Amino acid sequence: MSGKPVCLGDFEEYAKTFLPKSVYDYYRSGADDQETLADNVAAFSRWRLYPRVLRDVSALDVSSCVLGQRVSVPVCVAATAMQRMAHPDGETATARACRAVGTGMMLSSWATSSIEEVAAAGGLLWLQLYVYKDRQVTESLVRRAERAGYSGIFVTADTPYLGRRVADVRNRFRLPPHLRLKNFSSSDLAFSSGKDFGENSGLAVYVAEAIDPSVSWEDIKWLRGLTSLPIVVKGILRADDAKEALKIGVNGILVSNHGARQLDGVPATIDVLPEIVEAVQGKVEVFLDGGVRKGTDVLKALALGARAVFIGRPLLWGLAYQGEEGAKEVLQMLKEEFRLAMALTGCRRVEEIGRTLIRRHQAFSKI
């Protein structure tokens, strides 16, 4: 990349040359043949926008509301693990960038900054949660998030085991020795024990040893009884699962395929979003992550019924580029692109974005 970034792809171009190969590969790669990884992005092109004209878009309001909290733009930051591999300030820089832009951040359980350190940076925060074999570990994370002022829990439902990420296996991925997962005290849970993971990805071994593969809807019920914080189930791709989540009394659903890092060959999230929105019938908020790279992508997701979108990799590339300022630049770029997309489709407020603005492209409508 030469000169100032002008699109999100420019940030990734920089990160690819700047980051160590194993770190870039960890952030960038998807599962197996990475078909879904490519399709998450490509799928947005299967949907076409049908703009309204002559609507007086001289004054626009791009703000929205997520789980009862106002955000300046319906673009929030998804949980991405181990951000201090991208920049020394890691998750705290991300939190400061989100606060500056006026949006929210979901902190990974596997962060290289602690729940409390990120809370000290301020802003709107949610905790992403894995269900550990030791339920006391899981409960402790929830209690710490409550005490630190987090505004909700996003529980990951799609990771009883870690997906097969070929690049991580080839690189024998592990955390750099100067880092640890800061939310855990034991070296094993902090992924910093220095043990030999053999020919495998160290993270795959970590998940097999620590995360509970027996996790079920009963655990979501347990979490619902554990905390009064809003709970969002992250990783739903089917209408029947969405309806099951509704029965338990969750507050939201994040339509997600884990950035295409778990099971290759699943649908792109934008393609299943309408099914999930229809299934919940407005009873809970629906969010989307996966493949969002432009302001028009944000608009398309909202037109199909998402309350907001979450971005992961683009934020990491911004961190690698210039820490807090780079992360802020990524968020501002998407915000301005979204503002332009709203104007050019005749929408003055987010509430005016609706299903009439979007249709599946005819070439793909019968597929």
# chains A, B, ... in the order shown; residues from 1 in each chain; ligands from 1
call {"tool": "closest_atom_pairs", "arguments": {"of": "stretch 205-300 of chain A", "to": "stretch 177-189 of chain A", "cutoff": "12 Å", "atoms": "only C-alpha atoms", "output": "JSON lines"}}
result
{"residue": "A:Val205", "atom": "CA", "partner": "A:Asp188", "partner_atom": "CA", "distance": 10.8}
{"residue": "A:Tyr206", "atom": "CA", "partner": "A:Leu189", "partner_atom": "CA", "distance": 7.8}
{"residue": "A:Val207", "atom": "CA", "partner": "A:Leu189", "partner_atom": "CA", "distance": 9.6}
{"residue": "A:Ala208", "atom": "CA", "partner": "A:Leu189", "partner_atom": "CA", "distance": 11.7}
{"residue": "A:Glu209", "atom": "CA", "partner": "A:Leu189", "partner_atom": "CA", "distance": 9.2}
{"residue": "A:Ala210", "atom": "CA", "partner": "A:Leu189", "partner_atom": "CA", "distance": 7.2}
{"residue": "A:Ile211", "atom": "CA", "partner": "A:Leu189", "partner_atom": "CA", "distance": 10.0}
call {"tool": "write_last_selection", "arguments": {"atoms": "N, CA and C atoms", "output": "CSV table (one decimal), in the first residue's frame"}}
result
chain,number,residue,atom,x,y,z
A,205,VAL,N,-5.6,-27.5,20.4
A,205,VAL,CA,-5.4,-28.3,21.6
A,205,VAL,C,-6.0,-27.6,22.8
A,206,TYR,N,-5.8,-26.3,22.9
A,206,TYR,CA,-6.4,-25.5,24.0
A,206,TYR,C,-7.9,-25.7,24.1
A,207,VAL,N,-8.6,-25.6,23.0
A,207,VAL,CA,-10.0,-25.7,23.0
A,207,VAL,C,-10.4,-27.1,23.4
A,208,ALA,N,-9.8,-28.1,22.9
A,208,ALA,CA,-10.1,-29.5,23.2
A,208,ALA,C,-9.9,-29.8,24.7
A,209,GLU,N,-9.0,-29.1,25.3
A,209,GLU,CA,-8.7,-29.4,26.7
A,209,GLU,C,-9.6,-28.5,27.7
A,210,ALA,N,-10.0,-27.3,27.2
A,210,ALA,CA,-10.7,-26.4,28.1
A,210,ALA,C,-12.1,-26.1,27.9
A,211,ILE,N,-12.6,-26.1,26.6
A,211,ILE,CA,-13.9,-25.8,26.3
A,211,ILE,C,-14.8,-27.0,26.3
call {"tool": "closest_atom_pairs", "arguments": {"of": "stretch 303-324 of chain A", "to": "stretch 6-18 of chain A", "cutoff": "10 Å", "atoms": "only C-alpha atoms", "output": "tab-separated table"}}
result
residue	atom	partner	partner_atom	distance
A:Arg313	CA	A:Glu12	CA	8.4
A:Pro314	CA	A:Leu8	CA	6.4
A:Leu315	CA	A:Phe11	CA	8.9
A:Leu316	CA	A:Ala15	CA	8.5
A:Trp317	CA	A:Glu12	CA	5.2
A:Gly318	CA	A:Phe11	CA	5.8
A:Leu319	CA	A:Ala15	CA	8.8
A:Ala320	CA	A:Ala15	CA	5.7
A:Tyr321	CA	A:Ala15	CA	6.4
A:Gln322	CA	A:Phe11	CA	9.6
call {"tool": "select_by_dssp", "arguments": {"residues": "stretch 194-319 of chain A", "states": "strand (DSSP E)", "output": "PyMOL selection string"}}
result
chain A and resi 231-236+252-255+285-289+308-311
call {"tool": "closest_residue", "arguments": {"among": "A:Tyr150, A:Trp110, A:Tyr130, A:Phe173", "to": "A:Asp219", "atoms": "only C-alpha atoms"}}
result
A:Tyr130
call {"tool": "closest_residue", "arguments": {"among": "A:Leu49, A:Ile236, A:Leu67, A:Val23", "to": "A:Ile353", "atoms": "only C-alpha atoms"}}
result
A:Leu49
call {"tool": "residues_around", "arguments": {"residues": "A:Val57", "least_positions_apart": "6", "cutoff": "10 Å", "atoms": "only C-alpha atoms", "output": "ChimeraX atom specification"}}
result
/A:340,342-349
call {"tool": "residues_around", "arguments": {"residues": "A:Phe338", "least_positions_apart": "4", "cutoff": "10 Å", "atoms": "only C-alpha atoms", "output": "PyMOL selection string"}}
result
chain A and resi 62+73-75+294-299+332-334+342-344
call {"tool": "residues_around", "arguments": {"residues": "A:Gly265", "least_positions_apart": "5", "cutoff": "10 Å", "atoms": "only C-alpha atoms", "output": "ChimeraX atom specification"}}
result
/A:31-37,39,260
call {"tool": "write_last_selection", "arguments": {"atoms": "all heavy atoms", "output": "mmCIF file, in the first residue's frame"}}
result
data_model
loop_
_atom_site.group_PDB
_atom_site.id
_atom_site.type_symbol
_atom_site.label_atom_id
_atom_site.label_comp_id
_atom_site.auth_asym_id
_atom_site.auth_seq_id
_atom_site.Cartn_x
_atom_site.Cartn_y
_atom_site.Cartn_z
ATOM 1 N N ALA A 31 -11.709 -21.921 7.844
ATOM 2 C CA ALA A 31 -11.621 -23.362 8.011
ATOM 3 C C ALA A 31 -11.397 -24.070 6.672
ATOM 4 O O ALA A 31 -11.891 -23.627 5.628
ATOM 5 C CB ALA A 31 -12.897 -23.891 8.660
ATOM 6 N N ASP A 32 -10.633 -25.134 6.719
ATOM 7 C CA ASP A 32 -10.437 -26.061 5.593
ATOM 8 C C ASP A 32 -10.117 -25.340 4.280
ATOM 9 O O ASP A 32 -9.139 -24.613 4.213
ATOM 10 C CB ASP A 32 -11.644 -26.993 5.469
ATOM 11 C CG ASP A 32 -11.703 -28.001 6.612
ATOM 12 O OD1 ASP A 32 -10.652 -28.550 6.980
ATOM 13 O OD2 ASP A 32 -12.791 -28.212 7.167
ATOM 14 N N ASP A 33 -10.960 -25.511 3.241
ATOM 15 C CA ASP A 33 -10.676 -24.917 1.928
ATOM 16 C C ASP A 33 -11.049 -23.445 1.842
ATOM 17 O O ASP A 33 -10.867 -22.823 0.795
ATOM 18 C CB ASP A 33 -11.410 -25.686 0.827
ATOM 19 C CG ASP A 33 -10.891 -27.107 0.666
ATOM 20 O OD1 ASP A 33 -9.701 -27.348 0.978
ATOM 21 O OD2 ASP A 33 -11.674 -27.971 0.241
ATOM 22 N N GLN A 34 -11.628 -22.904 2.897
ATOM 23 C CA GLN A 34 -11.950 -21.480 3.004
ATOM 24 C C GLN A 34 -12.987 -21.038 1.965
ATOM 25 O O GLN A 34 -13.012 -19.883 1.557
ATOM 26 C CB GLN A 34 -10.681 -20.619 2.907
ATOM 27 C CG GLN A 34 -9.627 -21.003 3.940
ATOM 28 C CD GLN A 34 -8.427 -20.090 3.948
ATOM 29 O OE1 GLN A 34 -8.163 -19.400 4.933
ATOM 30 N NE2 GLN A 34 -7.692 -20.079 2.853
ATOM 31 N N GLU A 35 -13.868 -21.949 1.568
ATOM 32 C CA GLU A 35 -14.925 -21.588 0.629
ATOM 33 C C GLU A 35 -15.888 -20.583 1.254
ATOM 34 O O GLU A 35 -16.263 -19.589 0.626
ATOM 35 C CB GLU A 35 -15.687 -22.847 0.196
ATOM 36 C CG GLU A 35 -14.865 -23.810 -0.646
ATOM 37 C CD GLU A 35 -15.624 -25.086 -0.988
ATOM 38 O OE1 GLU A 35 -16.793 -25.218 -0.543
ATOM 39 O OE2 GLU A 35 -15.058 -25.935 -1.691
ATOM 40 N N THR A 36 -16.281 -20.834 2.500
ATOM 41 C CA THR A 36 -17.201 -19.912 3.161
ATOM 42 C C THR A 36 -16.529 -18.578 3.452
ATOM 43 O O THR A 36 -17.183 -17.527 3.416
ATOM 44 C CB THR A 36 -17.750 -20.542 4.455
ATOM 45 O OG1 THR A 36 -18.453 -21.746 4.122
ATOM 46 C CG2 THR A 36 -18.703 -19.604 5.168
ATOM 47 N N LEU A 37 -15.229 -18.610 3.728
ATOM 48 C CA LEU A 37 -14.501 -17.360 3.950
ATOM 49 C C LEU A 37 -14.657 -16.420 2.753
ATOM 50 O O LEU A 37 -14.952 -15.231 2.915
ATOM 51 C CB LEU A 37 -13.023 -17.659 4.197
ATOM 52 C CG LEU A 37 -12.122 -16.455 4.458
ATOM 53 C CD1 LEU A 37 -12.483 -15.772 5.768
ATOM 54 C CD2 LEU A 37 -10.647 -16.862 4.466
ATOM 55 N N ASP A 39 -16.989 -16.711 0.421
ATOM 56 C CA ASP A 39 -18.404 -16.468 0.132
ATOM 57 C C ASP A 39 -19.017 -15.438 1.070
ATOM 58 O O ASP A 39 -19.959 -14.739 0.690
ATOM 59 C CB ASP A 39 -19.176 -17.783 0.208
ATOM 60 C CG ASP A 39 -20.501 -17.717 -0.526
ATOM 61 O OD1 ASP A 39 -20.532 -17.119 -1.623
ATOM 62 O OD2 ASP A 39 -21.515 -18.242 -0.024
ATOM 63 N N ALA A 260 -16.216 -17.687 9.270
ATOM 64 C CA ALA A 260 -15.898 -18.841 8.406
ATOM 65 C C ALA A 260 -14.728 -19.648 8.952
ATOM 66 O O ALA A 260 -14.042 -20.344 8.201
ATOM 67 C CB ALA A 260 -15.622 -18.393 6.969
#
call {"tool": "residues_around", "arguments": {"residues": "A:Glu278", "least_positions_apart": "2", "cutoff": "10 Å", "atoms": "only C-alpha atoms", "output": "compact mmCIF listing (two decimals) with C-alpha atoms, in the first residue's frame"}}
result
# COMPACT_ATOMS: atom_id res chain seq x y z
CA ALA A 239 -34.46 -20.69 11.96
CA ALA A 242 -33.29 -19.07 16.50
CA LEU A 273 -30.13 -13.42 7.65
CA PRO A 274 -33.67 -13.10 6.17
CA GLU A 275 -34.60 -16.58 7.46
CA ILE A 276 -33.49 -15.73 11.00
CA VAL A 280 -37.86 -14.28 15.44
CA GLN A 281 -40.67 -11.97 14.20
CA GLY A 282 -39.23 -8.87 15.84
CA LEU A 304 -32.62 -7.46 5.38
CA GLY A 305 -33.49 -6.93 9.03
